[in-house]
file work_9.cif (mmCIF, C-alpha atoms)
data_protein
#
loop_
_atom_site.label_atom_id
_atom_site.label_comp_id
_atom_site.auth_asym_id
_atom_site.auth_seq_id
_atom_site.Cartn_x
_atom_site.Cartn_y
_atom_site.Cartn_z
CA MET A 152 0.00 0.00 0.00
CA ALA A 153 1.37 3.39 -1.00
CA ARG A 154 2.25 6.01 1.55
CA VAL A 155 0.12 9.06 0.83
CA VAL A 156 2.23 12.16 1.43
CA ALA A 157 0.80 15.69 1.64
CA VAL A 158 3.43 18.36 1.06
CA ILE A 159 1.86 21.47 2.52
CA ASN A 160 2.46 24.95 3.85
CA LEU A 161 -0.13 27.71 4.05
CA LYS A 162 2.44 30.27 2.90
CA GLY A 163 3.23 30.61 -0.79
CA GLY A 164 6.65 30.84 -2.37
CA ILE A 165 8.45 28.57 0.07
CA GLY A 166 9.47 25.75 -2.29
CA LYS A 167 6.59 23.27 -2.02
CA THR A 168 6.51 22.31 -5.70
CA THR A 169 10.31 22.27 -5.95
CA THR A 170 10.38 19.91 -2.97
CA VAL A 171 7.66 17.66 -4.38
CA VAL A 172 9.41 17.40 -7.75
CA ASN A 173 12.91 16.70 -6.47
CA VAL A 174 12.04 14.44 -3.56
CA SER A 175 9.69 12.35 -5.71
CA ALA A 176 12.15 12.27 -8.62
CA GLY A 177 14.88 11.12 -6.25
CA LEU A 178 12.66 8.33 -4.93
CA ALA A 179 11.74 7.33 -8.49
CA LEU A 180 15.43 7.21 -9.49
CA LYS A 181 15.94 4.83 -6.58
CA GLY A 182 13.25 2.54 -8.01
CA ALA A 183 10.15 3.57 -6.07
CA ARG A 184 6.89 3.87 -8.01
CA VAL A 185 5.60 7.40 -7.43
CA LEU A 186 2.39 9.24 -8.34
CA LEU A 187 2.20 13.03 -8.08
CA ILE A 188 -1.17 14.76 -7.76
CA ASP A 189 -1.34 18.53 -8.19
CA ILE A 190 -4.18 20.00 -6.13
CA ASP A 191 -3.18 23.63 -6.71
CA ALA A 192 -5.06 25.46 -9.48
CA GLN A 193 -1.82 27.18 -10.52
CA GLY A 194 -0.77 23.87 -12.06
CA ASN A 195 2.94 24.31 -11.43
CA LEU A 196 3.80 20.62 -11.23
CA ALA A 197 3.25 19.99 -14.94
CA MET A 198 5.39 22.99 -15.87
CA ALA A 199 8.16 21.97 -13.46
CA LEU A 200 8.29 18.52 -15.07
CA GLY A 201 7.96 19.77 -18.65
CA VAL A 202 4.69 17.89 -19.18
CA GLN A 203 1.64 19.11 -21.11
CA PRO A 204 -1.21 16.78 -20.14
CA LYS A 205 -4.55 16.87 -21.89
CA ARG A 206 -6.53 15.76 -18.83
CA THR A 207 -6.47 17.06 -15.28
CA LEU A 208 -7.69 16.33 -11.78
CA TYR A 209 -10.84 18.36 -12.53
CA GLU A 210 -12.13 15.53 -14.74
CA ALA A 211 -11.65 12.98 -11.98
CA ILE A 212 -13.48 15.13 -9.42
CA VAL A 213 -16.29 16.63 -11.50
CA ASP A 214 -16.69 14.15 -14.38
CA HIS A 215 -16.04 11.14 -12.12
CA LYS A 216 -13.32 9.67 -14.34
CA PRO A 217 -10.99 7.18 -12.63
CA LEU A 218 -7.75 8.79 -11.54
CA ALA A 219 -5.89 6.22 -13.64
CA ASP A 220 -7.51 7.70 -16.78
CA VAL A 221 -6.20 11.23 -16.19
CA ARG A 222 -2.61 10.42 -15.15
CA VAL A 223 0.36 10.72 -17.49
CA SER A 224 3.89 9.36 -17.33
CA ALA A 225 6.33 12.15 -16.48
CA ARG A 226 9.50 10.08 -15.96
CA PRO A 227 10.35 6.41 -15.47
CA ASN A 228 8.59 5.33 -12.24
CA LEU A 229 7.03 8.81 -11.93
CA ASP A 230 3.42 9.56 -12.96
CA LEU A 231 1.48 12.81 -12.74
CA VAL A 232 -2.12 13.91 -12.33
CA ALA A 233 -1.97 17.55 -13.36
CA ALA A 234 -4.09 20.57 -12.48
CA ASN A 235 -4.96 23.91 -14.02
CA GLU A 236 -7.29 26.83 -13.34
CA SER A 237 -10.35 24.63 -13.92
CA LEU A 238 -9.64 23.13 -10.49
CA LEU A 239 -11.14 26.29 -8.94
CA LEU A 240 -14.54 25.12 -10.15
CA ALA A 241 -13.99 21.71 -8.60
CA HIS A 242 -13.97 23.28 -5.12
CA GLN A 243 -17.64 24.17 -5.56
CA ALA A 244 -18.50 20.67 -6.77
CA ILE A 245 -16.78 19.09 -3.75
CA ALA A 246 -18.34 21.45 -1.22
CA GLY A 247 -21.83 20.29 -2.16
CA ARG A 248 -21.13 16.61 -1.54
CA ALA A 249 -21.98 14.81 1.69
CA ASP A 250 -18.55 13.11 1.61
CA TRP A 251 -16.73 16.33 0.68
CA VAL A 252 -13.80 15.76 3.02
CA ARG A 253 -12.95 12.29 1.61
CA VAL A 254 -13.13 12.89 -2.14
CA LEU A 255 -9.36 12.62 -2.70
CA GLU A 256 -9.09 9.65 -0.36
CA GLN A 257 -11.68 7.79 -2.45
CA LEU A 258 -9.97 8.75 -5.72
CA VAL A 259 -6.52 7.46 -4.71
CA ARG A 260 -7.71 4.29 -2.99
CA PRO A 261 -7.81 2.14 -6.19
CA LEU A 262 -4.21 3.17 -7.03
CA ARG A 263 -2.54 2.57 -3.68
CA GLN A 264 -1.55 -0.97 -4.67
CA GLU A 265 0.21 0.31 -7.81
CA TYR A 266 2.54 2.81 -6.13
CA ASP A 267 4.99 3.07 -3.28
CA PHE A 268 4.26 6.78 -2.79
CA ILE A 269 1.46 9.17 -3.72
CA PHE A 270 2.37 12.84 -3.25
CA PHE A 271 -0.12 15.71 -3.04
CA ASP A 272 1.32 19.10 -4.03
CA CYS A 273 -0.93 21.34 -1.92
CA GLY A 274 -1.82 24.98 -2.50
CA GLY A 275 -0.89 27.90 -0.26
CA SER A 276 -4.10 28.09 1.76
CA LEU A 277 -6.40 25.72 3.64
CA THR A 278 -8.74 25.00 0.75
CA VAL A 279 -11.28 22.20 0.54
CA LEU A 280 -8.79 20.16 -1.49
CA ASN A 281 -5.98 20.76 1.02
CA GLN A 282 -8.24 19.49 3.79
CA ASN A 283 -9.00 16.47 1.59
CA ALA A 284 -5.27 15.87 1.15
CA LEU A 285 -4.68 15.99 4.90
CA ILE A 286 -7.51 13.54 5.54
CA ALA A 287 -6.09 11.14 2.93
CA ALA A 288 -2.47 11.54 4.02
CA THR A 289 -0.51 8.95 5.95
CA ASP A 290 2.43 11.36 6.13
CA VAL A 291 2.84 15.14 6.01
CA ILE A 292 5.98 16.99 4.92
CA ILE A 293 6.25 20.72 5.55
CA PRO A 294 8.75 22.79 3.55
CA THR A 295 9.42 26.20 5.08
CA THR A 296 11.71 29.13 4.52
CA VAL A 297 13.68 30.37 7.51
CA GLU A 298 11.95 33.73 7.83
CA PRO A 299 10.07 35.11 10.87
CA PHE A 300 6.59 35.02 9.30
CA ALA A 301 7.15 31.54 7.87
CA ILE A 302 8.32 30.17 11.22
CA LYS A 303 5.33 31.72 12.99
CA GLY A 304 2.98 30.30 10.37
CA LEU A 305 4.50 26.87 10.92
CA GLU A 306 3.13 26.78 14.47
CA LYS A 307 -0.38 27.55 13.22
CA LEU A 308 -0.14 24.99 10.42
CA ILE A 309 0.89 22.17 12.76
CA ALA A 310 -1.95 23.12 15.10
CA GLN A 311 -4.38 23.00 12.16
CA ILE A 312 -3.04 19.59 11.08
CA GLY A 313 -3.64 18.41 14.66
CA ARG A 314 -7.27 19.51 14.47
CA VAL A 315 -7.86 17.87 11.08
CA LYS A 316 -6.04 14.61 11.86
CA GLY A 317 -6.74 14.38 15.59
CA GLY A 318 -3.01 14.67 16.35
CA THR A 319 0.32 15.74 14.87
CA ALA A 320 2.09 12.37 14.66
CA VAL A 321 1.41 12.38 10.92
CA VAL A 322 3.94 15.22 10.49
CA ARG A 323 7.08 13.31 9.45
CA ALA A 324 9.48 16.05 8.35
CA ILE A 325 10.08 19.79 8.18
CA ILE A 326 12.36 20.82 5.32
CA PRO A 327 14.04 24.25 5.60
CA THR A 328 14.29 25.71 2.08
CA MET A 329 16.12 28.64 0.46
CA VAL A 330 18.58 28.77 3.35
CA ASP A 331 21.46 31.22 2.89
CA PRO A 332 24.22 30.22 5.34
CA ARG A 333 25.87 33.62 4.85
CA MET A 334 22.95 35.39 6.55
CA LYS A 335 22.89 35.57 10.34
CA GLN A 336 19.07 35.48 10.40
CA SER A 337 19.03 32.21 8.46
CA ILE A 338 21.42 30.56 10.90
CA THR A 339 19.56 31.92 13.94
CA LEU A 340 16.12 30.83 12.74
CA LEU A 341 17.44 27.46 11.58
CA ALA A 342 18.79 26.88 15.08
CA HIS A 343 15.37 27.88 16.48
CA LEU A 344 13.68 25.35 14.20
CA ASN A 345 16.01 22.60 15.39
CA ARG A 346 15.48 23.46 19.06
CA THR A 347 11.70 23.58 18.65
CA TYR A 348 11.04 20.58 16.41
CA GLY A 349 14.15 18.43 16.92
CA GLN A 350 14.56 15.42 14.65
CA LEU A 351 11.59 16.46 12.51
CA VAL A 352 13.84 19.10 10.93
CA LEU A 353 15.82 17.69 8.01
CA PRO A 354 19.08 19.19 6.70
CA PRO A 355 18.40 22.50 4.89
CA VAL A 356 18.13 23.08 1.17
CA ARG A 357 20.51 25.93 0.47
CA VAL A 358 19.78 28.85 -1.84
CA ASN A 359 20.65 27.68 -5.34
CA VAL A 360 19.69 29.37 -8.59
CA ARG A 361 19.92 26.01 -10.36
CA LEU A 362 16.71 24.92 -8.62
CA SER A 363 14.65 27.75 -10.13
CA GLU A 364 16.37 27.27 -13.49
CA ALA A 365 15.44 23.58 -13.46
CA SER A 366 11.75 24.33 -12.87
CA ALA A 367 11.75 26.95 -15.62
CA VAL A 368 12.99 24.45 -18.21
CA GLY A 369 10.83 21.56 -17.02
CA LYS A 370 13.60 19.43 -15.52
CA THR A 371 14.38 17.95 -12.14
CA ILE A 372 17.51 19.26 -10.47
CA TYR A 373 19.22 15.91 -11.10
CA GLU A 374 18.65 16.34 -14.84
CA HIS A 375 19.48 20.04 -14.97
CA ASP A 376 22.64 20.11 -12.84
CA PRO A 377 23.35 16.92 -10.88
CA ARG A 378 26.50 18.46 -9.35
CA SER A 379 24.74 21.54 -7.97
CA ARG A 380 24.13 22.28 -4.30
CA GLY A 381 20.42 21.85 -4.91
CA ALA A 382 20.91 18.31 -6.25
CA ILE A 383 23.19 17.38 -3.37
CA ASP A 384 20.84 18.81 -0.73
CA TYR A 385 17.74 17.11 -2.11
CA ALA A 386 19.63 13.83 -2.62
CA GLN A 387 20.54 13.86 1.06
CA ILE A 388 16.89 14.44 1.98
CA VAL A 389 15.84 11.54 -0.26
CA GLU A 390 18.33 9.30 1.56
CA LEU A 391 16.99 10.30 4.97
CA LEU A 392 13.35 9.86 3.96
CA SER A 393 14.16 6.49 2.39
CA LYS A 394 15.56 5.29 5.70
CA MET A 395 12.69 6.79 7.69
CA TRP A 396 10.19 4.97 5.48
CA ASN A 397 12.19 1.71 5.65
CA MET A 398 12.74 1.40 1.94
CA GLN A 399 14.82 -1.66 1.05
CA PRO A 400 18.05 -0.69 -0.77
CA ALA A 401 18.46 -4.03 -2.57
CA ARG A 402 15.01 -3.77 -4.13
CA LEU A 403 15.44 -0.14 -5.04
CA VAL A 404 18.85 -0.54 -6.67
CA ALA A 405 17.59 -3.47 -8.73
CA ALA A 406 14.64 -1.40 -9.96
CA GLN A 407 16.65 1.77 -10.68
CA PRO A 408 16.40 2.83 -14.35
CA PRO A 409 19.59 3.58 -16.31
CA ALA A 410 20.92 7.14 -16.17
CA PRO A 411 20.29 9.36 -19.20
CA PRO A 412 23.12 9.44 -21.77
CA MET A 413 26.08 11.62 -20.76
CA ALA A 414 24.66 12.07 -17.25
CA ALA A 415 26.58 11.47 -14.05
CA PRO A 416 25.11 9.05 -11.50
CA LEU A 417 22.14 10.81 -9.99
CA VAL A 418 20.99 9.33 -6.70
CA THR A 419 22.76 6.29 -5.31
CA GLY A 420 23.92 4.94 -1.98
CA ASP A 421 21.89 3.46 0.83
CA GLY A 422 22.86 5.82 3.66
CA ALA A 423 24.85 3.06 5.39
CA VAL A 424 26.42 3.92 8.73
CA GLN A 425 30.18 4.45 8.49
CA THR A 426 32.61 3.36 11.17
CA THR A 427 33.71 6.96 11.72
CA THR A 428 31.96 9.27 14.16
CA CYS A 429 30.96 12.91 13.92
CA PRO A 430 33.81 15.24 14.93
CA ASN A 431 31.28 17.64 16.49
CA CYS A 432 29.04 15.42 18.60
CA GLY A 433 30.39 11.86 18.42
CA HIS A 434 27.30 10.34 16.78
CA ALA A 435 27.70 7.84 13.93
CA LEU A 436 28.06 9.49 10.53
CA GLN A 437 25.83 8.64 7.57
CA ARG A 438 26.87 8.46 3.93
CA ALA A 439 25.24 9.10 0.56
CA THR A 440 26.70 9.32 -2.93
CA VAL A 441 25.29 11.58 -5.61
CA ALA A 442 26.56 12.91 -8.93
CA GLY A 443 30.12 11.81 -8.29
CA TYR A 444 30.26 13.23 -4.76
CA ARG A 445 30.44 11.45 -1.43
CA ILE A 446 28.43 13.25 1.25
CA THR A 447 29.17 12.42 4.86
CA TYR A 448 26.69 13.87 7.33
CA CYS A 449 25.41 13.71 10.89
CA THR A 450 21.68 13.56 11.56
CA ASN A 451 22.21 14.77 15.13
CA CYS A 452 24.14 18.05 14.76
CA ARG A 453 23.86 18.64 10.96
CA TYR A 454 27.62 18.31 10.35
CA ARG A 455 28.25 17.73 6.64
CA ARG A 456 31.34 17.03 4.54
CA GLN A 457 31.27 16.86 0.74
CA GLU A 458 34.04 15.41 -1.40
CA LEU A 459 34.58 14.27 -4.95
CA ILE A 460 34.97 10.53 -5.33
CA ASN A 461 38.51 11.13 -6.60
CA GLY A 462 39.40 13.96 -4.24
CA ASP A 463 38.26 16.54 -1.68
CA ARG A 464 36.12 19.50 -2.43
#
call {"tool": "encode", "arguments": {"input": "work_9.cif", "output": "structure tokens"}}
result
Amino acid sequence: MARVVAVINLKGGIGKTTTVVNVSAGLALKGARVLLIDIDAQGNLAMALGVQPKRTLYEAIVDHKPLADVRVSARPNLDLVAANESLLLAHQAIAGRADWVRVLEQLVRPLRQEYDFIFFDCGGSLTVLNQNALIAATDVIIPTTVEPFAIKGLEKLIAQIGRVKGGTAVVRAIIPTMVDPRMKQSITLLAHLNRTYGQLVLPPVRVNVRLSEASAVGKTIYEHDPRSRGAIDYAQIVELLSKMWNMQPARLVAAQPPAPPMAAPLVTGDGAVQTTTCPNCGHALQRATVAGYRITYCTNCRYRRQELINGDR
């Protein structure tokens, strides 16, 4: 049965779609079968993946077509149910139904045996569809920028999730995005996040223009620039989520599709524990390999070392 993952934040412009695309693409490159469902009327997921679908989620909700009939293949192991502005009309159709809060749950149920993960790319407000996504979700991931208003909004969002789900245990990860380590405010607020939410906070995604470039040309960061900071940061997050969700490395490696021609290895490694310990806190270090780099990192204190396979960097 697929994990149903809602990627949500009630603030716009904080990297939700970028996170959905690059986390799901990383999982797909590791062999997981992934379905993306865009529930935001802006329809950014299709653009970010360079896909122009003829059918959208609107037809599944309003015209009662099976979700399988409106999905398209975006990449190997990665399918998409797209959205566009017509989805605004679907809100009215849902609101008039007696089962309005479980529409998405009912739509995805027939497909849960086909996939390992189903991701909802949620909009920037608590719409009817966002509430549907939370009801259907087995896991919630919250991307957030490290800015005062975003951090304050995070408290309210988690409280709202608690009301909808009857508790906050469904929140599996908080992903700091657009982090500039040169700015004192970023470091201060990142430390506040770690103190407040502990192990829920994953290593940050640093500011990287390659991420916005990738979305603009309809590519994942691994396709656009697999040696960029954005690719390395998201690859590390994929490794951590893979371990958290108990994905089996042997199965995933066997199912991994070949890399595109002329491309460096994209997402590999199983995050195995090394014999060395963190120089900062003494905890066991973890390892991932991506795009010709070996990343050694500590999940306790966020220590990270990056080196080329054939030399330091």
call {"tool": "resolve_selection", "arguments": {"input": "work_9.cif", "expression": "the PyMOL selection byres ((chain A and resi 279) around 9)", "output": "list in words"}}
result
His242, Ile245, Ala246, Trp251, Val252, Leu277, Thr278, Leu280, Asn281, Gln282, Asn283 and Ala284 of chain A
call {"tool": "residues_around", "arguments": {"input": "work_9.cif", "residues": "A:Ala176", "least_positions_apart": "2", "cutoff": "12 Å", "atoms": "only C-alpha atoms", "output": "ChimeraX atom specification"}}
result
/A:168-174,178-187,199-200,225-231,268,270,370-374,382,385-386,388-389,407-408,417-418
call {"tool": "closest_residue", "arguments": {"input": "work_9.cif", "among": "A:Val297, A:Val232, A:Val291, A:Met334", "to": "A:Lys316", "atoms": "all atoms listed in the file"}}
result
A:Val291
call {"tool": "resolve_selection", "arguments": {"input": "work_9.cif", "expression": "the PyMOL selection byres ((chain A and resi 325) around 6)", "output": "ChimeraX atom specification"}}
result
/A:292-294,324,326,351-352
call {"tool": "residues_near_point", "arguments": {"input": "work_9.cif", "point": "(-2.6, 7.4, 4.3)", "cutoff": "12 Å", "atoms": "all atoms listed in the file", "output": "compact mmCIF listing (two decimals) with C-alpha atoms, in the frame of the given file"}}
result
# COMPACT_ATOMS: atom_id res chain seq x y z
CA MET A 152 0.00 0.00 0.00
CA ALA A 153 1.37 3.39 -1.00
CA ARG A 154 2.25 6.01 1.55
CA VAL A 155 0.12 9.06 0.83
CA VAL A 156 2.23 12.16 1.43
CA ALA A 157 0.80 15.69 1.64
CA ARG A 253 -12.95 12.29 1.61
CA LEU A 255 -9.36 12.62 -2.70
CA GLU A 256 -9.09 9.65 -0.36
CA GLN A 257 -11.68 7.79 -2.45
CA VAL A 259 -6.52 7.46 -4.71
CA ARG A 260 -7.71 4.29 -2.99
CA ARG A 263 -2.54 2.57 -3.68
CA ASP A 267 4.99 3.07 -3.28
CA PHE A 268 4.26 6.78 -2.79
CA ILE A 269 1.46 9.17 -3.72
CA PHE A 270 2.37 12.84 -3.25
CA PHE A 271 -0.12 15.71 -3.04
CA ASN A 283 -9.00 16.47 1.59
CA ALA A 284 -5.27 15.87 1.15
CA LEU A 285 -4.68 15.99 4.90
CA ILE A 286 -7.51 13.54 5.54
CA ALA A 287 -6.09 11.14 2.93
CA ALA A 288 -2.47 11.54 4.02
CA THR A 289 -0.51 8.95 5.95
CA ASP A 290 2.43 11.36 6.13
CA VAL A 291 2.84 15.14 6.01
CA LYS A 316 -6.04 14.61 11.86
CA VAL A 321 1.41 12.38 10.92
CA VAL A 322 3.94 15.22 10.49
call {"tool": "atom_distance", "arguments": {"input": "work_9.cif", "atom1": "atom CA of A:Ala320", "atom2": "atom CA of A:Gln350"}}
result
12.8 Å
call {"tool": "closest_residue", "arguments": {"input": "work_9.cif", "among": "A:Val223, A:Ile165, A:Cys449, A:Leu340", "to": "A:Gln203", "atoms": "only C-alpha atoms"}}
result
A:Val223
call {"tool": "atom_distance", "arguments": {"input": "work_9.cif", "atom1": "atom CA of A:Asn345", "atom2": "atom CA of A:Arg314"}}
result
23.5 Å
call {"tool": "residues_near_point", "arguments": {"input": "work_9.cif", "point": "(-7.4, 23.4, -10.8)", "cutoff": "8 Å", "atoms": "all atoms listed in the file", "output": "list of chain:residue names"}}
result
A:Ile190, A:Asp191, A:Ala192, A:Gln193, A:Gly194, A:Thr207, A:Leu208, A:Tyr209, A:Ala234, A:Asn235, A:Glu236, A:Ser237, A:Leu238, A:Leu239, A:Leu240, A:Ala241
call {"tool": "resolve_selection", "arguments": {"input": "work_9.cif", "expression": "the PyMOL selection byres ((chain A and resi 355) around 8)", "output": "PyMOL selection string"}}
result
chain A and resi 326-330+353-354+356-357+384
call {"tool": "atom_distance", "arguments": {"input": "work_9.cif", "atom1": "atom CA of A:Ala219", "atom2": "atom CA of A:Ile188"}}
result
11.4 Å
call {"tool": "residues_around", "arguments": {"input": "work_9.cif", "residues": "A:Ser276", "least_positions_apart": "2", "cutoff": "9 Å", "atoms": "all atoms listed in the file", "output": "ChimeraX atom specification"}}
result
/A:159-163,273-274,278,281
call {"tool": "closest_residue", "arguments": {"input": "work_9.cif", "among": "A:Glu210, A:Val315, A:Tyr266, A:Ser337", "to": "A:Ala244", "atoms": "only C-alpha atoms"}}
result
A:Glu210
